[in-house]
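Source file: model-v6.txt. Holds: compact mmCIF, C-alpha atoms.
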```txt
# COMPACT_ATOMS: atom_id res chain seq x y z
CA MET A 1028 -60.59 35.91 24.95
CA GLN A 1029 -63.56 35.10 27.20
CA VAL A 1030 -63.54 36.83 30.59
CA ASN A 1031 -64.24 34.65 33.62
CA ARG A 1032 -64.59 35.31 37.36
CA SER A 1033 -60.89 34.64 37.95
CA ASP A 1034 -60.00 37.37 35.49
CA LEU A 1035 -62.24 39.86 37.28
CA ALA A 1036 -60.72 38.96 40.64
CA ASP A 1037 -57.20 39.25 39.22
CA CYS A 1038 -58.05 42.64 37.72
CA ALA A 1039 -58.85 43.86 41.24
CA LEU A 1040 -55.48 42.57 42.44
CA PHE A 1041 -53.73 44.20 39.50
CA LEU A 1042 -55.41 47.54 40.22
CA ALA A 1043 -54.28 47.50 43.85
CA ILE A 1044 -50.67 46.80 42.81
CA ALA A 1045 -50.80 49.51 40.14
CA ARG A 1046 -52.26 51.98 42.64
CA HIS A 1047 -49.51 51.41 45.21
CA GLY A 1048 -46.59 50.47 42.97
CA ASN A 1049 -45.70 48.04 45.75
CA PHE A 1050 -46.76 44.43 46.48
CA ARG A 1051 -46.51 44.80 50.26
CA LYS A 1052 -48.72 47.90 50.41
CA ALA A 1053 -51.23 46.37 47.99
CA GLY A 1054 -51.25 43.22 50.09
CA LEU A 1055 -52.02 45.24 53.22
CA GLU A 1056 -54.99 46.83 51.47
CA LEU A 1057 -56.32 43.48 50.25
CA GLY A 1058 -55.50 41.46 53.35
CA VAL A 1059 -53.13 39.02 51.62
CA SER A 1060 -49.38 38.49 51.74
CA ALA A 1061 -47.08 40.12 49.21
CA SER A 1062 -45.87 36.70 48.06
CA ALA A 1063 -49.43 35.45 47.48
CA LEU A 1064 -50.20 38.62 45.55
CA SER A 1065 -47.09 38.23 43.41
CA HIS A 1066 -47.97 34.60 42.67
CA ALA A 1067 -51.54 35.50 41.67
CA LEU A 1068 -50.29 38.29 39.40
CA LYS A 1069 -47.84 35.92 37.68
CA ASN A 1070 -50.68 33.46 37.02
CA PHE A 1071 -52.79 36.29 35.59
CA GLU A 1072 -49.95 37.35 33.28
CA THR A 1073 -49.49 33.73 32.18
CA ARG A 1074 -53.17 33.40 31.26
CA LEU A 1075 -53.04 36.68 29.35
CA GLY A 1076 -49.73 35.84 27.70
CA LEU A 1077 -48.55 39.35 28.50
CA ARG A 1078 -46.32 41.01 31.08
CA LEU A 1079 -48.25 43.70 32.95
CA LEU A 1080 -45.57 44.80 35.42
CA ASN A 1081 -41.85 45.41 35.40
CA ARG A 1082 -40.43 44.23 38.72
CA THR A 1083 -37.11 45.22 40.26
CA ASN A 1084 -35.80 45.04 43.82
CA ARG A 1085 -36.77 48.69 44.32
CA SER A 1086 -39.86 49.33 42.24
CA VAL A 1087 -42.86 47.99 40.40
CA THR A 1088 -43.86 49.80 37.21
CA LEU A 1089 -46.45 49.19 34.53
CA THR A 1090 -45.56 47.91 31.10
CA ALA A 1091 -47.30 49.41 28.07
CA ALA A 1092 -49.82 46.54 28.26
CA GLY A 1093 -50.28 47.17 31.95
CA GLU A 1094 -50.96 50.87 31.37
CA GLN A 1095 -53.57 50.03 28.74
CA LEU A 1096 -55.27 47.51 31.02
CA LEU A 1097 -55.26 50.00 33.91
CA GLU A 1098 -56.91 52.67 31.78
CA ALA A 1099 -59.51 50.23 30.49
CA VAL A 1100 -60.61 48.51 33.71
CA ASN A 1101 -60.04 51.03 36.50
CA ALA A 1102 -63.41 52.79 36.30
CA PRO A 1103 -65.54 49.69 35.58
CA VAL A 1104 -64.00 47.67 38.45
CA ALA A 1105 -64.48 50.62 40.84
CA SER A 1106 -68.13 50.82 39.78
CA ILE A 1107 -68.63 47.10 40.42
CA SER A 1108 -67.01 47.44 43.85
CA ASP A 1109 -69.27 50.39 44.68
CA ALA A 1110 -72.34 48.44 43.54
CA PHE A 1111 -71.56 45.55 45.87
CA GLU A 1112 -70.86 47.95 48.74
CA ALA A 1113 -74.23 49.64 48.15
CA LEU A 1114 -75.95 46.28 48.73
CA ASN A 1115 -74.80 46.43 52.36
CA ARG A 1116 -77.78 48.58 53.23
CA PHE A 1117 -80.07 45.62 52.56
CA ARG A 1118 -78.28 43.39 55.09
CA ASP A 1119 -79.56 42.84 58.61
CA ALA A 1120 -75.93 42.89 59.79
CA PRO A 1121 -73.59 45.14 57.75
CA SER A 1122 -70.28 43.55 56.81
CA GLY A 1123 -67.07 44.35 55.03
CA ARG A 1124 -63.62 45.76 55.70
CA ILE A 1125 -62.57 49.39 55.96
CA ARG A 1126 -59.13 50.99 56.19
CA ILE A 1127 -58.67 54.45 57.69
CA ASN A 1128 -55.65 56.68 58.18
CA VAL A 1129 -55.97 58.58 61.46
CA MET A 1130 -53.95 61.27 63.19
CA ALA A 1131 -52.43 59.87 66.38
CA ASP A 1132 -54.46 62.15 68.68
CA ALA A 1133 -57.69 61.20 66.90
CA ALA A 1134 -56.87 57.51 67.25
CA VAL A 1135 -56.54 57.87 71.03
CA LEU A 1136 -59.16 60.51 71.79
CA LEU A 1137 -61.84 60.00 69.14
CA VAL A 1138 -61.78 56.56 67.50
CA GLY A 1139 -60.48 54.40 70.36
CA PRO A 1140 -63.28 55.29 72.81
CA VAL A 1141 -66.03 54.27 70.34
CA LEU A 1142 -64.50 50.99 69.13
CA PRO A 1143 -65.99 48.73 71.87
CA THR A 1144 -69.51 49.90 70.97
CA PHE A 1145 -68.77 49.64 67.24
CA MET A 1146 -67.58 46.05 67.62
CA ASP A 1147 -70.69 45.13 69.62
CA ARG A 1148 -73.07 46.67 67.10
CA TYR A 1149 -71.31 45.64 63.89
CA PRO A 1150 -69.33 42.46 64.57
CA ASP A 1151 -69.04 41.62 60.86
CA ILE A 1152 -67.22 44.85 59.94
CA GLU A 1153 -63.43 44.75 60.09
CA ILE A 1154 -61.48 47.98 60.67
CA GLU A 1155 -57.82 48.55 59.96
CA ILE A 1156 -56.46 51.75 61.53
CA SER A 1157 -53.16 53.37 60.57
CA ALA A 1158 -52.33 56.01 63.20
CA ASN A 1159 -49.70 58.58 62.23
CA ASN A 1160 -49.32 62.31 61.72
CA HIS A 1161 -47.79 62.29 58.25
CA MET A 1162 -49.70 63.91 55.40
CA VAL A 1163 -50.91 60.77 53.63
CA ASP A 1164 -52.77 60.62 50.34
CA VAL A 1165 -55.58 58.28 51.40
CA ILE A 1166 -56.49 57.36 47.84
CA ASP A 1167 -52.93 56.50 46.85
CA GLY A 1168 -52.48 54.68 50.15
CA GLY A 1169 -55.50 52.46 49.57
CA TYR A 1170 -57.50 53.87 52.50
CA ASP A 1171 -61.26 54.31 52.47
CA ALA A 1172 -61.06 57.47 54.55
CA GLY A 1173 -58.87 59.56 56.81
CA ILE A 1174 -59.25 61.70 59.94
CA ARG A 1175 -57.48 65.04 60.21
CA TYR A 1176 -58.01 68.50 61.62
CA GLY A 1177 -60.42 70.40 59.41
CA GLY A 1178 -57.93 72.91 58.08
CA THR A 1179 -55.68 70.20 56.63
CA VAL A 1180 -58.28 68.18 54.67
CA PRO A 1181 -57.51 68.23 50.92
CA GLU A 1182 -59.93 70.44 48.98
CA ASP A 1183 -61.02 67.68 46.61
CA MET A 1184 -62.31 65.53 49.46
CA ILE A 1185 -65.68 65.40 51.21
CA ALA A 1186 -65.27 66.20 54.92
CA GLN A 1187 -67.58 65.31 57.81
CA ARG A 1188 -67.06 67.01 61.17
CA LEU A 1189 -66.59 64.60 64.09
CA SER A 1190 -65.94 66.85 67.10
CA ARG A 1191 -66.01 70.32 68.54
CA GLU A 1192 -63.09 72.65 67.94
CA ILE A 1193 -59.99 71.58 69.88
CA ASP A 1194 -58.26 73.80 72.47
CA TRP A 1195 -54.44 73.76 72.61
CA VAL A 1196 -52.44 74.49 75.76
CA VAL A 1197 -48.88 74.62 77.09
CA VAL A 1198 -48.17 72.26 79.97
CA GLY A 1199 -45.28 71.46 82.28
CA ALA A 1200 -44.67 69.37 85.36
CA PRO A 1201 -44.81 71.04 88.81
CA SER A 1202 -41.11 70.17 89.24
CA TYR A 1203 -40.20 72.10 86.08
CA ILE A 1204 -42.27 75.10 87.10
CA GLU A 1205 -40.72 75.12 90.58
CA ARG A 1206 -37.26 75.13 89.02
CA PHE A 1207 -37.73 77.52 86.09
CA GLY A 1208 -40.83 79.53 86.93
CA ILE A 1209 -44.01 80.23 84.98
CA PRO A 1210 -43.99 82.20 81.71
CA GLU A 1211 -46.30 85.19 82.03
CA HIS A 1212 -46.53 85.89 78.28
CA PRO A 1213 -46.01 83.67 75.20
CA GLY A 1214 -42.91 85.72 74.41
CA ASP A 1215 -41.35 84.46 77.67
CA LEU A 1216 -41.15 80.97 76.17
CA VAL A 1217 -37.90 81.93 74.41
CA ASN A 1218 -36.28 81.67 77.87
CA HIS A 1219 -37.70 78.22 78.62
CA ARG A 1220 -36.94 74.64 77.68
CA CYS A 1221 -39.52 73.54 75.13
CA PHE A 1222 -40.09 70.39 73.12
CA ARG A 1223 -40.36 71.42 69.49
CA ILE A 1224 -42.86 69.66 67.22
CA ARG A 1225 -42.30 68.61 63.61
CA LEU A 1226 -45.52 68.51 61.62
CA GLY A 1227 -46.61 65.91 59.08
CA ASN A 1228 -45.39 68.17 56.25
CA ASP A 1229 -41.90 68.25 57.89
CA SER A 1230 -42.12 71.89 59.00
CA ILE A 1231 -41.46 72.92 62.63
CA TYR A 1232 -44.66 74.02 64.32
CA LYS A 1233 -44.85 77.52 65.76
CA TRP A 1234 -46.88 77.43 68.97
CA GLU A 1235 -50.04 79.48 68.47
CA PHE A 1236 -51.71 81.64 71.11
CA ASP A 1237 -54.89 83.73 71.19
CA ARG A 1238 -56.19 86.24 73.72
CA GLY A 1239 -59.07 88.43 72.68
CA ASP A 1240 -58.14 89.99 69.35
CA GLU A 1241 -54.44 89.25 69.82
CA SER A 1242 -52.80 86.26 68.11
CA ILE A 1243 -49.16 85.20 68.42
CA ALA A 1244 -47.11 82.37 66.88
CA ILE A 1245 -43.85 81.56 68.67
CA ASP A 1246 -40.94 79.58 67.22
CA VAL A 1247 -40.01 78.13 70.60
CA PRO A 1248 -36.45 77.10 71.46
CA GLY A 1249 -35.58 73.57 72.40
CA ALA A 1250 -32.87 70.96 72.04
CA ILE A 1251 -35.35 68.15 71.35
CA THR A 1252 -37.77 67.89 68.43
CA VAL A 1253 -40.47 65.21 68.16
CA ASP A 1254 -42.88 64.37 65.37
CA HIS A 1255 -45.66 63.83 67.88
CA ALA A 1256 -45.94 65.71 71.15
CA ASP A 1257 -46.90 62.51 73.00
CA ALA A 1258 -43.33 61.30 72.44
CA ALA A 1259 -42.14 64.07 74.74
CA LEU A 1260 -44.66 63.38 77.51
CA PRO A 1261 -42.44 61.13 79.67
CA ALA A 1262 -39.72 63.80 79.65
CA VAL A 1263 -42.25 66.57 80.35
CA LEU A 1264 -43.70 64.60 83.26
CA GLY A 1265 -40.16 64.21 84.57
CA GLY A 1266 -39.65 67.98 84.62
CA GLY A 1267 -37.66 68.21 81.37
CA GLY A 1268 -39.54 71.11 79.82
CA LEU A 1269 -42.77 72.48 78.42
CA THR A 1270 -44.83 71.04 75.59
CA TYR A 1271 -47.84 72.04 73.52
CA LEU A 1272 -50.75 69.57 73.38
CA SER A 1273 -54.48 69.41 72.88
CA GLU A 1274 -56.39 70.12 76.09
CA PRO A 1275 -58.37 66.83 75.93
CA ARG A 1276 -55.11 64.89 75.72
CA VAL A 1277 -53.63 66.43 78.90
CA ARG A 1278 -56.82 66.86 80.91
CA PRO A 1279 -56.46 63.61 82.94
CA LEU A 1280 -52.82 64.46 83.75
CA VAL A 1281 -53.76 67.99 84.81
CA GLU A 1282 -56.62 66.71 86.99
CA ALA A 1283 -54.21 64.23 88.60
CA GLY A 1284 -51.77 67.04 89.41
CA GLN A 1285 -49.02 65.57 87.21
CA LEU A 1286 -49.07 68.52 84.80
CA LYS A 1287 -50.00 72.17 85.08
CA ILE A 1288 -51.36 74.38 82.30
CA VAL A 1289 -49.34 77.55 81.88
CA LEU A 1290 -50.55 80.64 79.99
CA PRO A 1291 -54.18 79.39 80.31
CA GLU A 1292 -55.59 82.75 79.23
CA TRP A 1293 -53.72 82.32 75.92
CA ALA A 1294 -55.19 78.89 75.06
CA SER A 1295 -55.70 78.62 71.32
CA SER A 1296 -58.73 77.03 69.68
CA GLY A 1297 -58.07 74.96 66.55
CA PRO A 1298 -60.16 73.14 63.93
CA ALA A 1299 -62.28 70.14 64.80
CA PHE A 1300 -61.47 66.62 63.67
CA HIS A 1301 -63.04 65.62 60.35
CA MET A 1302 -63.48 62.32 58.55
CA TYR A 1303 -62.72 62.77 54.85
CA TYR A 1304 -63.04 60.58 51.79
CA SER A 1305 -63.09 60.75 48.02
CA SER A 1306 -66.07 62.27 46.27
CA ARG A 1307 -65.45 59.99 43.29
CA ARG A 1308 -66.83 56.76 44.73
CA ASN A 1309 -69.51 55.43 47.04
CA VAL A 1310 -68.71 55.67 50.73
CA PRO A 1311 -68.36 52.21 52.35
CA THR A 1312 -71.14 51.38 54.79
CA GLY A 1313 -68.60 50.87 57.57
CA ILE A 1314 -67.33 54.44 57.17
CA LYS A 1315 -70.86 55.86 57.37
CA LEU A 1316 -71.59 53.80 60.49
CA LEU A 1317 -68.34 54.87 62.15
CA ILE A 1318 -69.10 58.55 61.45
CA ASP A 1319 -72.59 58.18 62.92
CA LEU A 1320 -71.30 56.42 66.04
CA ILE A 1321 -68.57 58.99 66.73
CA ARG A 1322 -71.17 61.75 66.46
CA GLU A 1323 -73.57 59.81 68.69
CA LEU A 1324 -71.08 59.05 71.48
CA ALA A 1325 -69.15 62.32 70.98
CA PRO A 1326 -65.99 61.51 72.99
CA LEU A 1327 -64.72 65.05 72.30
CA GLY A 1328 -68.11 66.73 72.12
CA TYR A 1329 -69.87 67.57 68.89
```
Final structure tokens representation of the file:
Amino acid sequence: MQVNRSDLADCALFLAIARHGNFRKAGLELGVSASALSHALKNFETRLGLRLLNRTNRSVTLTAAGEQLLEAVNAPVASISDAFEALNRFRDAPSGRIRINVMADAAVLLVGPVLPTFMDRYPDIEIEISANNHMVDVIDGGYDAGIRYGGTVPEDMIAQRLSREIDWVVVGAPSYIERFGIPEHPGDLVNHRCFRIRLGNDSIYKWEFDRGDESIAIDVPGAITVDHADAALPAVLGGGGLTYLSEPRVRPLVEAGQLKIVLPEWASSGPAFHMYYSSRRNVPTGIKLLIDLIRELAPLGY
């Protein structure tokens, strides 16, 4: 069988579906609809005279032929993709499309502020941003890179620092403090209303505090648990309780007098934000340019 350009293009579609095990997710990566992707895959199977995927309402799995094709073409197609991406450096205006998975705080505090400049400088580069706090496998998810706090970057990834270390503080509204008082020590939080935080790995976060050589982690009480502290902000601003957030996130609200930092001498410093990506393939030009711009503009310092 002679290989033509359509076969090479369909191999790329097949690899995306195999990687995700899902037409919708593969379509999001490729920028096409799930139905169009399914139709293209059926045409590819018809030309080959083989079924590559088993489809049910709940899952997409590889047939034996599909597994053999995946093993045979995965590395060569990735190499071709990397080769074309490497050509970007010869362009006067870099182009392409990048997908990044970003922690919600980083999306607001780090990436968002630099996007206007990025769009002005590189109008031919498209960026798709998925902002959430869940622990996502960026390779399995079809992302080119991710942004997390340094301590949570997988060990097999290359990490590039994007900011200074981040300070974490406890804040409450003046109305809450007037009603319930100010905790003098982290241990006093057990007698306060707190908004508990569920992390991306589904564990409940213990609020961390540092003062000199002393470090404390408190499993705070609270009737409400959120998977991102921002979700509790309206209730905190209304005097509902205390929450634990990054200092850059609450700074404008503190300066406006809407929130007050409590236990300021116990503020804890955490890891900086890092961009991370696989060491097994070339880094897309758009990712390199975004890293450079974040470091240049340094919305959180660098």
Report as an mmCIF file with C-alpha atoms, in the coordinates of the input all protein, DNA and RNA residues lying within 6 Å of Phe1236 of chain A, evaluated on all atoms listed in the file, omitting residues in the same chain fewer than 4 positions from it.
```
data_model
loop_
_atom_site.group_PDB
_atom_site.id
_atom_site.type_symbol
_atom_site.label_atom_id
_atom_site.label_comp_id
_atom_site.auth_asym_id
_atom_site.auth_seq_id
_atom_site.Cartn_x
_atom_site.Cartn_y
_atom_site.Cartn_z
ATOM 1 C CA SER A 1242 -52.800 86.260 68.110
ATOM 2 C CA ILE A 1243 -49.160 85.200 68.420
ATOM 3 C CA TRP A 1293 -53.720 82.320 75.920
ATOM 4 C CA ALA A 1294 -55.190 78.890 75.060
ATOM 5 C CA SER A 1295 -55.700 78.620 71.320
#
```
Check: Using all atoms listed in the file, which of the listed residues (A:Ala1133, A:Ala1200, A:Val1163, A:Ala1283) sits closest to Leu1260 of chain A?
Finding: A:Ala1200
Next item on the list: Figure out the distance between atom CA of Ser1306 of chain A and atom CA of Leu1079 of chain A, please, to one decimal in Å.
Entry: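 Atom CA of Ser1306 of chain A lies at a distance of 29.0 Å from atom CA of Leu1079 of chain A.
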Next item on the list: Would you list the residues near (-42.5, 80.2, 65.3), meaning any protein, DNA or RNA residue with an atom at most 8 Å from that point in file coordinates, counting only C-alpha atoms, as a ChimeraX atom specification?
Entry: /A:1231-1234,1244-1247
Note to self: For a cutoff of 6 Å around the file-coordinate point (-53.3, 53.5, 47.3), which residues qualify once you count all atoms listed in the file? I'd like the result as a list in words.
What the structure shows: Arg1046, His1047, Ile1166, Asp1167, Gly1168 and Gly1169 of chain A
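Distances here use all atoms listed in the file; by that measure, the residue among A:Ala1299, A:Ala1039, A:Leu1064, A:Leu1269 closest to Asn1218 of chain A is A:Leu1269.
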Next item on the list: Please provide the set of residues having any atom within 9 Å of Arg1225 of chain A, restricted to all atoms listed in the file, with same-chain residues fewer than 6 positions apart removed, written as an NGL selection string.
Entry: :A and (1231-1232 or 1252-1256)
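Each of A:Leu1077, A:Met1302, A:Ile1224, A:Ala1250 was compared to Leu1096 of chain A using all atoms listed in the file, and A:Leu1077 turns out to be the nearest.
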Note to self: Please list as number ranges by chain every residue within 12 Å of Leu1097 of chain A, counting all atoms listed in the file and excluding residues in the same chain fewer than 2 positions away.
What the structure shows: A: 1038-1046, 1079-1080, 1088-1095, 1099-1105
Notebook entry, point to check: Which neighbours of segment 1274-1281 of chain A fall inside 9 Å, counting only C-alpha atoms, when residues of the same chain fewer than 4 positions from it are skipped, and could you give them as a list in words?
Noted result: Asp1132, Val1135, Leu1136, Ile1193, Asp1194, Trp1195, Val1196, Val1197, Val1198, Asp1257, Gln1285, Leu1286, Lys1287, Ile1288, Ala1294 and Leu1327 of chain A
Next item on the list: Calculate how many Å separate atom CA of Leu1057 of chain A from atom CA of Pro1181 of chain A, rounding to one decimal.
Entry: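 A separation of 24.8 Å between them.
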Next item on the list: Just give me the gap between atom CA of Asp1237 of chain A and atom CA of Gly1266 of chain A in Å, one decimal is fine.
Entry: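 Spanning atom CA of Asp1237 of chain A to atom CA of Gly1266 of chain A is a straight-line distance of 25.7 Å.
Residues within 12 Å of Asp1319 of chain A, counting only C-alpha atoms and excluding same-chain residues fewer than 4 positions away, are Val1138, Val1141, Thr1144, Phe1145, Gln1187, Arg1188, Leu1189, Ser1190, Met1302, Thr1312, Gly1313, Ile1314, Lys1315, Glu1323, Leu1324, Ala1325 and Tyr1329 of chain A.
The closest residue to Leu1272 of chain A, picked from A:Gly1239, A:Val1217, A:Gly1199, A:Glu1192 and counting all atoms listed in the file, is A:Gly1199.
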Checklist line | Selected residue, from A:Val1289, A:Ile1185, A:Met1130, A:Met1162, that lies nearest to Tyr1203 of chain A when counting all atoms listed in the file | finding: A:Val1289
Next item on the list: Select, from A:Ser1065, A:Ser1202, A:Ser1296, A:Ser1060, the residue with the minimum atom-to-atom distance to Glu1235 of chain A, counting all atoms listed in the file.
Entry: A:Ser1296
